[in-house]
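Structure file start-v5.cif with mmCIF, C-alpha atoms:
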data_query
#
loop_
_atom_site.group_PDB
_atom_site.id
_atom_site.type_symbol
_atom_site.label_atom_id
_atom_site.label_comp_id
_atom_site.auth_asym_id
_atom_site.auth_seq_id
_atom_site.Cartn_x
_atom_site.Cartn_y
_atom_site.Cartn_z
ATOM 1 C CA MET V 740 -54.059 6.400 -3.598
ATOM 2 C CA ASP V 741 -54.230 10.061 -4.563
ATOM 3 C CA GLU V 742 -56.357 9.653 -7.689
ATOM 4 C CA PRO V 743 -57.299 13.118 -8.985
ATOM 5 C CA ILE V 744 -60.983 13.996 -9.140
ATOM 6 C CA ARG V 745 -62.373 15.927 -12.095
ATOM 7 C CA ARG V 746 -64.909 18.641 -11.353
ATOM 8 C CA GLY V 747 -66.445 20.395 -14.338
ATOM 9 C CA GLY V 748 -63.909 22.060 -16.609
ATOM 10 C CA ARG V 749 -61.507 22.946 -13.816
ATOM 11 C CA PRO V 750 -57.904 21.730 -13.865
ATOM 12 C CA ARG V 751 -57.389 18.378 -12.205
ATOM 13 C CA ARG V 752 -56.770 18.515 -8.479
ATOM 14 C CA SER V 753 -55.870 15.775 -6.040
ATOM 15 C CA SER V 754 -58.667 14.169 -4.045
ATOM 16 C CA ALA V 755 -57.285 15.778 -0.897
ATOM 17 C CA GLU V 756 -57.440 19.225 -2.528
ATOM 18 C CA VAL V 757 -61.023 18.667 -3.664
ATOM 19 C CA LEU V 758 -61.996 17.653 -0.129
ATOM 20 C CA ALA V 759 -60.179 20.641 1.361
ATOM 21 C CA ASP V 760 -61.896 23.020 -1.042
ATOM 22 C CA ALA V 761 -65.298 21.473 -0.273
ATOM 23 C CA ALA V 762 -64.628 21.856 3.445
ATOM 24 C CA ALA V 763 -63.586 25.489 2.974
ATOM 25 C CA GLU V 764 -66.837 26.259 1.141
ATOM 26 C CA LEU V 765 -68.928 24.654 3.875
ATOM 27 C CA PHE V 766 -66.998 26.265 6.725
ATOM 28 C CA LEU V 767 -67.575 29.669 5.108
ATOM 29 C CA GLU V 768 -71.267 28.967 4.510
ATOM 30 C CA GLN V 769 -72.256 27.483 7.864
ATOM 31 C CA GLY V 770 -69.236 27.591 10.162
ATOM 32 C CA TYR V 771 -66.763 24.939 11.247
ATOM 33 C CA GLY V 772 -68.845 23.601 14.141
ATOM 34 C CA ARG V 773 -71.964 22.983 12.049
ATOM 35 C CA THR V 774 -70.121 21.177 9.262
ATOM 36 C CA THR V 775 -69.836 17.392 9.356
ATOM 37 C CA VAL V 776 -67.482 15.004 7.598
ATOM 38 C CA ASP V 777 -70.492 13.557 5.754
ATOM 39 C CA GLN V 778 -71.377 17.005 4.391
ATOM 40 C CA ILE V 779 -67.798 17.570 3.215
ATOM 41 C CA ALA V 780 -67.767 14.210 1.441
ATOM 42 C CA VAL V 781 -71.097 14.922 -0.277
ATOM 43 C CA ARG V 782 -69.942 18.367 -1.403
ATOM 44 C CA ALA V 783 -66.732 16.829 -2.801
ATOM 45 C CA GLY V 784 -68.669 14.059 -4.530
ATOM 46 C CA VAL V 785 -66.936 11.229 -2.682
ATOM 47 C CA SER V 786 -67.763 8.770 0.090
ATOM 48 C CA ARG V 787 -67.156 9.235 3.797
ATOM 49 C CA ALA V 788 -64.586 6.438 3.570
ATOM 50 C CA THR V 789 -62.691 8.390 0.915
ATOM 51 C CA PHE V 790 -62.477 11.367 3.276
ATOM 52 C CA PHE V 791 -60.770 9.167 5.865
ATOM 53 C CA ASN V 792 -58.314 7.885 3.257
ATOM 54 C CA TYR V 793 -56.784 11.373 3.347
ATOM 55 C CA PHE V 794 -57.604 12.869 6.742
ATOM 56 C CA THR V 795 -57.850 11.328 10.193
ATOM 57 C CA ALA V 796 -60.308 13.950 11.484
ATOM 58 C CA LYS V 797 -62.350 16.922 10.298
ATOM 59 C CA SER V 798 -59.817 19.336 11.781
ATOM 60 C CA ASP V 799 -56.998 17.889 9.654
ATOM 61 C CA VAL V 800 -58.638 19.098 6.447
ATOM 62 C CA MET V 801 -57.722 22.662 7.444
ATOM 63 C CA TRP V 802 -54.029 21.934 7.271
ATOM 64 C CA LEU V 803 -53.537 20.370 3.843
ATOM 65 C CA GLU V 804 -51.264 23.152 2.601
ATOM 66 C CA LEU V 805 -49.238 23.496 5.793
ATOM 67 C CA ASP V 806 -48.751 19.737 6.079
ATOM 68 C CA ALA V 807 -47.602 19.589 2.465
ATOM 69 C CA ALA V 808 -45.183 22.472 3.033
ATOM 70 C CA VAL V 809 -43.404 20.824 5.953
ATOM 71 C CA ALA V 810 -43.622 17.177 4.862
ATOM 72 C CA GLY V 811 -40.213 17.334 3.225
ATOM 73 C CA LEU V 812 -38.433 19.024 6.132
ATOM 74 C CA PRO V 813 -37.012 15.851 7.756
ATOM 75 C CA GLY V 814 -35.733 14.689 4.373
ATOM 76 C CA HIS V 815 -34.064 18.035 3.692
ATOM 77 C CA LEU V 816 -32.383 17.886 7.093
ATOM 78 C CA ALA V 817 -31.204 14.315 6.632
ATOM 79 C CA ALA V 818 -29.722 15.110 3.210
ATOM 80 C CA SER V 819 -27.872 18.240 4.321
ATOM 81 C CA THR V 820 -24.088 18.364 4.017
ATOM 82 C CA GLU V 821 -23.883 21.829 5.594
ATOM 83 C CA ALA V 822 -21.343 21.798 8.443
ATOM 84 C CA SER V 823 -23.331 24.203 10.602
ATOM 85 C CA ALA V 824 -26.471 22.670 12.094
ATOM 86 C CA VAL V 825 -28.078 26.122 12.194
ATOM 87 C CA ARG V 826 -27.375 26.746 8.511
ATOM 88 C CA ALA V 827 -28.612 23.253 7.667
ATOM 89 C CA VAL V 828 -31.943 23.995 9.380
ATOM 90 C CA GLU V 829 -32.117 27.313 7.534
ATOM 91 C CA GLN V 830 -31.574 25.610 4.180
ATOM 92 C CA ALA V 831 -34.205 22.959 4.985
ATOM 93 C CA LEU V 832 -36.799 25.575 5.924
ATOM 94 C CA LEU V 833 -36.071 27.559 2.752
ATOM 95 C CA ALA V 834 -36.392 24.393 0.657
ATOM 96 C CA ALA V 835 -39.771 23.660 2.279
ATOM 97 C CA ALA V 836 -40.900 27.213 1.541
ATOM 98 C CA ARG V 837 -39.814 26.940 -2.097
ATOM 99 C CA ALA V 838 -41.747 23.691 -2.470
ATOM 100 C CA HIS V 839 -45.000 25.200 -1.209
ATOM 101 C CA ASP V 840 -47.592 25.685 -3.952
ATOM 102 C CA PRO V 841 -48.193 29.475 -4.104
ATOM 103 C CA GLU V 842 -51.763 28.889 -5.257
ATOM 104 C CA ARG V 843 -52.646 26.873 -2.146
ATOM 105 C CA VAL V 844 -53.038 29.446 0.614
ATOM 106 C CA PRO V 845 -54.086 27.907 3.950
ATOM 107 C CA TRP V 846 -57.649 29.180 4.283
ATOM 108 C CA ALA V 847 -57.828 27.980 7.889
ATOM 109 C CA VAL V 848 -55.427 30.783 8.798
ATOM 110 C CA ALA V 849 -56.745 33.355 6.344
ATOM 111 C CA GLN V 850 -60.448 32.895 7.211
ATOM 112 C CA ALA V 851 -60.364 31.503 10.754
ATOM 113 C CA GLU V 852 -62.645 34.151 12.257
ATOM 114 C CA VAL V 853 -65.246 33.954 9.489
ATOM 115 C CA MET V 854 -65.303 30.157 9.647
ATOM 116 C CA GLY V 855 -65.605 30.076 13.431
ATOM 117 C CA ILE V 856 -62.623 27.772 13.797
ATOM 118 C CA GLY V 857 -61.292 29.242 17.064
ATOM 119 C CA SER V 858 -59.758 26.684 19.410
ATOM 120 C CA GLU V 859 -59.452 24.069 16.654
ATOM 121 C CA LEU V 860 -57.096 26.432 14.829
ATOM 122 C CA VAL V 861 -54.879 26.859 17.880
ATOM 123 C CA ALA V 862 -54.832 23.120 18.598
ATOM 124 C CA GLY V 863 -54.034 22.256 14.979
ATOM 125 C CA VAL V 864 -51.143 24.691 14.828
ATOM 126 C CA ALA V 865 -49.749 23.458 18.146
ATOM 127 C CA VAL V 866 -49.735 19.803 17.077
ATOM 128 C CA ARG V 867 -47.948 20.588 13.819
ATOM 129 C CA VAL V 868 -45.392 22.970 15.299
ATOM 130 C CA MET V 869 -44.522 20.500 18.066
ATOM 131 C CA ALA V 870 -44.024 17.684 15.559
ATOM 132 C CA GLN V 871 -41.606 19.794 13.528
ATOM 133 C CA HIS V 872 -39.968 21.127 16.685
ATOM 134 C CA GLY V 873 -39.126 17.601 17.748
ATOM 135 C CA ALA V 874 -37.665 16.739 14.351
ATOM 136 C CA VAL V 875 -35.482 19.865 14.192
ATOM 137 C CA ALA V 876 -34.304 19.530 17.803
ATOM 138 C CA ALA V 877 -33.377 15.891 17.184
ATOM 139 C CA PHE V 878 -31.412 16.894 14.075
ATOM 140 C CA VAL V 879 -29.483 19.617 15.922
ATOM 141 C CA ALA V 880 -28.820 17.252 18.809
ATOM 142 C CA GLY V 881 -27.475 14.640 16.428
ATOM 143 C CA ARG V 882 -25.050 17.164 14.986
ATOM 144 C CA THR V 883 -23.871 18.463 18.362
ATOM 145 C CA GLY V 884 -23.872 15.241 20.406
ATOM 146 C CA GLU V 885 -26.412 16.654 22.865
ATOM 147 C CA GLN V 886 -29.798 15.318 23.884
ATOM 148 C CA PRO V 887 -32.794 16.668 21.884
ATOM 149 C CA GLY V 888 -34.248 18.084 25.103
ATOM 150 C CA SER V 889 -31.068 20.015 25.915
ATOM 151 C CA LEU V 890 -31.095 23.799 25.832
ATOM 152 C CA TRP V 891 -29.205 24.359 22.579
ATOM 153 C CA PRO V 892 -31.228 22.022 20.317
ATOM 154 C CA GLN V 893 -34.444 23.351 21.862
ATOM 155 C CA THR V 894 -33.352 26.967 21.387
ATOM 156 C CA VAL V 895 -32.303 26.522 17.762
ATOM 157 C CA SER V 896 -35.483 24.661 16.899
ATOM 158 C CA GLY V 897 -37.804 27.045 18.739
ATOM 159 C CA ALA V 898 -36.217 30.206 17.374
ATOM 160 C CA MET V 899 -36.004 29.079 13.766
ATOM 161 C CA LEU V 900 -39.431 27.453 13.561
ATOM 162 C CA GLY V 901 -40.916 30.471 15.314
ATOM 163 C CA ALA V 902 -39.411 32.800 12.726
ATOM 164 C CA ALA V 903 -40.587 30.607 9.851
ATOM 165 C CA ALA V 904 -44.108 30.387 11.324
ATOM 166 C CA ALA V 905 -44.244 34.178 11.695
ATOM 167 C CA ALA V 906 -43.172 34.558 8.076
ATOM 168 C CA PHE V 907 -45.873 32.119 6.986
ATOM 169 C CA GLY V 908 -48.535 34.092 8.858
ATOM 170 C CA VAL V 909 -47.469 37.398 7.295
ATOM 171 C CA TRP V 910 -47.394 35.773 3.851
ATOM 172 C CA VAL V 911 -50.986 34.596 4.270
ATOM 173 C CA ALA V 912 -52.125 37.992 5.573
ATOM 174 C CA ASP V 913 -50.568 39.868 2.638
ATOM 175 C CA GLY V 914 -53.335 38.603 0.360
ATOM 176 C CA VAL V 915 -53.059 39.463 -3.314
ATOM 177 C CA ALA V 916 -49.916 41.506 -2.629
ATOM 178 C CA ARG V 917 -48.011 38.498 -1.346
ATOM 179 C CA ARG V 918 -44.621 37.639 -2.821
ATOM 180 C CA PRO V 919 -43.140 34.112 -2.951
ATOM 181 C CA LEU V 920 -43.197 32.461 0.470
ATOM 182 C CA VAL V 921 -39.473 31.762 0.412
ATOM 183 C CA GLU V 922 -38.758 35.525 0.430
ATOM 184 C CA TYR V 923 -40.670 35.945 3.703
ATOM 185 C CA VAL V 924 -39.045 32.933 5.317
ATOM 186 C CA ALA V 925 -35.567 34.045 4.239
ATOM 187 C CA ALA V 926 -36.109 37.551 5.623
ATOM 188 C CA ALA V 927 -37.371 36.192 8.939
ATOM 189 C CA LEU V 928 -34.573 33.659 9.317
ATOM 190 C CA THR V 929 -31.645 35.924 8.386
ATOM 191 C CA PRO V 930 -31.327 37.773 11.749
ATOM 192 C CA VAL V 931 -32.104 34.621 13.744
ATOM 193 C CA VAL V 932 -29.451 32.598 11.930
ATOM 194 C CA GLY V 933 -26.985 35.462 12.263
ATOM 195 C CA GLY V 934 -27.428 35.402 16.034
ATOM 196 C CA LEU V 935 -27.426 31.639 16.495
ATOM 197 C CA ASP V 936 -24.541 30.962 14.133
ATOM 198 C CA ALA V 937 -22.331 33.831 15.265
ATOM 199 C CA PRO V 938 -18.618 32.935 15.531
#
Entire entry expressed as structure tokens:
Amino acid sequence: MDEPIRRGGRPRRSSAEVLADAAAELFLEQGYGRTTVDQIAVRAGVSRATFFNYFTAKSDVMWLELDAAVAGLPGHLAASTEASAVRAVEQALLAAARAHDPERVPWAVAQAEVMGIGSELVAGVAVRVMAQHGAVAAFVAGRTGEQPGSLWPQTVSGAMLGAAAAAFGVWVADGVARRPLVEYVAAALTPVVGGLDAP
């Protein structure tokens, strides 16, 4: 389904990336609220139907990079042979950070104020964090024999995802000076893991 679109002499990008870039241009030019799905599709050179092949709503186009970064997290958790559930979550988050394309910075976070995204930004982050929170809590619960809603799985998931999200935000804000994302995530997780996985 993800047939790359050629635009001029630029390197080939996926259709989703072309749509996301078109949306970013329009959001910067006229603001998030004034931009329609039809306008994004026209700017990308595709049909409205093609837009909905990749995104369920206009707001989802803001999160292409973040969604790609965390898509592999459940798989990393399921494949882990690490005895400690906390260390397994750490390794999965680091693997997700390593897999993130360093050239695809989430513009929704970096340019939210300029684009007038506001409440849509907060809602989008909340939906994605809660989805990952549930997956991590369920993994920890499966390792410990507790219920996912119990205090320990919820604490591990909340603390570790919170640290990783903070690292992601700082990485975006660092601009041209930013180092690889995995370095930020590792630095943020180290003290959290040390506390949660203490003997």
| field | Nearby residues (only C-alpha atoms) at most 8 Å from segment 766-783 of chain V, same-chain spacing under 2 positions excluded, as a list in words | value | Val757, Leu758, Ala761, Ala762, Ala763, Glu764, Val785, Ser786, Arg787, Thr789, Phe790, Lys797, Val853, Met854, Gly855 and Ile856 of chain V
| query | What lies within 9 Å of Met899 of chain V using only C-alpha atoms, ignoring chain neighbours under 5 positions off, as a count of residues only? | reply | 10
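Among the candidates V:Leu765, V:Ala822, V:Asp760, V:Trp802, the residue lying nearest to Asp936 of chain V is V:Ala822 (atoms considered: all atoms listed in the file).
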| query | Can you list, as number ranges by chain, the residues that the PyMOL selection byres ((chain V and resi 834) around 12) selects here? | reply | V: 808-816, 818-819, 827-833, 835-839, 903, 920-922, 924-925
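Distance annotation: of V:Val866, V:Val911, V:Ala902, V:Ala926, the residue with the minimal separation from Glu804 of chain V is V:Val911; atom set is only C-alpha atoms.
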Regenerate segment 892-921 of chain V at the level of N, CA and C atoms and dump it as a PDB file, in the frame of the given file.
ATOM      1  N   PRO V 892     -30.313  22.508  21.361  1.00  0.00           N
ATOM      2  CA  PRO V 892     -31.228  22.022  20.317  1.00  0.00           C
ATOM      3  C   PRO V 892     -32.627  22.618  20.440  1.00  0.00           C
ATOM      4  N   GLN V 893     -33.119  22.768  21.658  1.00  0.00           N
ATOM      5  CA  GLN V 893     -34.444  23.351  21.862  1.00  0.00           C
ATOM      6  C   GLN V 893     -34.484  24.817  21.451  1.00  0.00           C
ATOM      7  N   THR V 894     -33.416  25.550  21.742  1.00  0.00           N
ATOM      8  CA  THR V 894     -33.352  26.967  21.387  1.00  0.00           C
ATOM      9  C   THR V 894     -33.296  27.154  19.886  1.00  0.00           C
ATOM     10  N   VAL V 895     -32.423  26.408  19.223  1.00  0.00           N
ATOM     11  CA  VAL V 895     -32.303  26.522  17.762  1.00  0.00           C
ATOM     12  C   VAL V 895     -33.638  26.183  17.100  1.00  0.00           C
ATOM     13  N   SER V 896     -34.229  25.088  17.504  1.00  0.00           N
ATOM     14  CA  SER V 896     -35.483  24.661  16.899  1.00  0.00           C
ATOM     15  C   SER V 896     -36.595  25.677  17.152  1.00  0.00           C
ATOM     16  N   GLY V 897     -36.742  26.098  18.401  1.00  0.00           N
ATOM     17  CA  GLY V 897     -37.804  27.045  18.739  1.00  0.00           C
ATOM     18  C   GLY V 897     -37.667  28.372  18.026  1.00  0.00           C
ATOM     19  N   ALA V 898     -36.441  28.901  18.002  1.00  0.00           N
ATOM     20  CA  ALA V 898     -36.217  30.206  17.374  1.00  0.00           C
ATOM     21  C   ALA V 898     -36.442  30.165  15.868  1.00  0.00           C
ATOM     22  N   MET V 899     -35.924  29.127  15.223  1.00  0.00           N
ATOM     23  CA  MET V 899     -36.004  29.079  13.766  1.00  0.00           C
ATOM     24  C   MET V 899     -37.405  28.728  13.272  1.00  0.00           C
ATOM     25  N   LEU V 900     -38.065  27.779  13.948  1.00  0.00           N
ATOM     26  CA  LEU V 900     -39.431  27.453  13.561  1.00  0.00           C
ATOM     27  C   LEU V 900     -40.381  28.602  13.881  1.00  0.00           C
ATOM     28  N   GLY V 901     -40.097  29.307  14.976  1.00  0.00           N
ATOM     29  CA  GLY V 901     -40.916  30.471  15.314  1.00  0.00           C
ATOM     30  C   GLY V 901     -40.821  31.547  14.253  1.00  0.00           C
ATOM     31  N   ALA V 902     -39.606  31.805  13.776  1.00  0.00           N
ATOM     32  CA  ALA V 902     -39.411  32.800  12.726  1.00  0.00           C
ATOM     33  C   ALA V 902     -40.097  32.382  11.427  1.00  0.00           C
ATOM     34  N   ALA V 903     -39.960  31.099  11.076  1.00  0.00           N
ATOM     35  CA  ALA V 903     -40.587  30.607   9.851  1.00  0.00           C
ATOM     36  C   ALA V 903     -42.110  30.670   9.953  1.00  0.00           C
ATOM     37  N   ALA V 904     -42.653  30.333  11.129  1.00  0.00           N
ATOM     38  CA  ALA V 904     -44.108  30.387  11.324  1.00  0.00           C
ATOM     39  C   ALA V 904     -44.608  31.818  11.236  1.00  0.00           C
ATOM     40  N   ALA V 905     -43.860  32.765  11.790  1.00  0.00           N
ATOM     41  CA  ALA V 905     -44.244  34.178  11.695  1.00  0.00           C
ATOM     42  C   ALA V 905     -44.253  34.632  10.242  1.00  0.00           C
ATOM     43  N   ALA V 906     -43.253  34.206   9.493  1.00  0.00           N
ATOM     44  CA  ALA V 906     -43.172  34.558   8.076  1.00  0.00           C
ATOM     45  C   ALA V 906     -44.361  33.993   7.312  1.00  0.00           C
ATOM     46  N   PHE V 907     -44.742  32.768   7.645  1.00  0.00           N
ATOM     47  CA  PHE V 907     -45.873  32.119   6.986  1.00  0.00           C
ATOM     48  C   PHE V 907     -47.168  32.897   7.252  1.00  0.00           C
ATOM     49  N   GLY V 908     -47.349  33.326   8.505  1.00  0.00           N
ATOM     50  CA  GLY V 908     -48.535  34.092   8.858  1.00  0.00           C
ATOM     51  C   GLY V 908     -48.620  35.415   8.128  1.00  0.00           C
ATOM     52  N   VAL V 909     -47.490  36.125   8.014  1.00  0.00           N
ATOM     53  CA  VAL V 909     -47.469  37.398   7.295  1.00  0.00           C
ATOM     54  C   VAL V 909     -47.732  37.174   5.811  1.00  0.00           C
ATOM     55  N   TRP V 910     -47.166  36.108   5.270  1.00  0.00           N
ATOM     56  CA  TRP V 910     -47.394  35.773   3.851  1.00  0.00           C
ATOM     57  C   TRP V 910     -48.877  35.564   3.575  1.00  0.00           C
ATOM     58  N   VAL V 911     -49.546  34.821   4.440  1.00  0.00           N
ATOM     59  CA  VAL V 911     -50.986  34.596   4.270  1.00  0.00           C
ATOM     60  C   VAL V 911     -51.740  35.919   4.344  1.00  0.00           C
ATOM     61  N   ALA V 912     -51.407  36.741   5.348  1.00  0.00           N
ATOM     62  CA  ALA V 912     -52.125  37.992   5.573  1.00  0.00           C
ATOM     63  C   ALA V 912     -51.919  39.016   4.459  1.00  0.00           C
ATOM     64  N   ASP V 913     -50.851  38.903   3.702  1.00  0.00           N
ATOM     65  CA  ASP V 913     -50.568  39.868   2.638  1.00  0.00           C
ATOM     66  C   ASP V 913     -51.525  39.768   1.460  1.00  0.00           C
ATOM     67  N   GLY V 914     -52.313  38.718   1.400  1.00  0.00           N
ATOM     68  CA  GLY V 914     -53.335  38.603   0.360  1.00  0.00           C
ATOM     69  C   GLY V 914     -52.767  38.671  -1.043  1.00  0.00           C
ATOM     70  N   VAL V 915     -53.450  39.418  -1.905  1.00  0.00           N
ATOM     71  CA  VAL V 915     -53.059  39.463  -3.314  1.00  0.00           C
ATOM     72  C   VAL V 915     -51.693  40.114  -3.515  1.00  0.00           C
ATOM     73  N   ALA V 916     -51.219  40.838  -2.513  1.00  0.00           N
ATOM     74  CA  ALA V 916     -49.916  41.506  -2.629  1.00  0.00           C
ATOM     75  C   ALA V 916     -48.761  40.590  -2.245  1.00  0.00           C
ATOM     76  N   ARG V 917     -49.074  39.354  -1.869  1.00  0.00           N
ATOM     77  CA  ARG V 917     -48.011  38.498  -1.346  1.00  0.00           C
ATOM     78  C   ARG V 917     -46.992  38.123  -2.423  1.00  0.00           C
ATOM     79  N   ARG V 918     -45.737  38.075  -1.990  1.00  0.00           N
ATOM     80  CA  ARG V 918     -44.621  37.639  -2.821  1.00  0.00           C
ATOM     81  C   ARG V 918     -44.381  36.150  -2.559  1.00  0.00           C
ATOM     82  N   PRO V 919     -43.411  35.531  -3.231  1.00  0.00           N
ATOM     83  CA  PRO V 919     -43.140  34.112  -2.951  1.00  0.00           C
ATOM     84  C   PRO V 919     -42.841  33.865  -1.474  1.00  0.00           C
ATOM     85  N   LEU V 920     -43.353  32.782  -0.944  1.00  0.00           N
ATOM     86  CA  LEU V 920     -43.197  32.461   0.470  1.00  0.00           C
ATOM     87  C   LEU V 920     -41.745  32.419   0.891  1.00  0.00           C
ATOM     88  N   VAL V 921     -40.879  31.903   0.039  1.00  0.00           N
ATOM     89  CA  VAL V 921     -39.473  31.762   0.412  1.00  0.00           C
ATOM     90  C   VAL V 921     -38.838  33.112   0.745  1.00  0.00           C
TER      91      VAL V 921
END
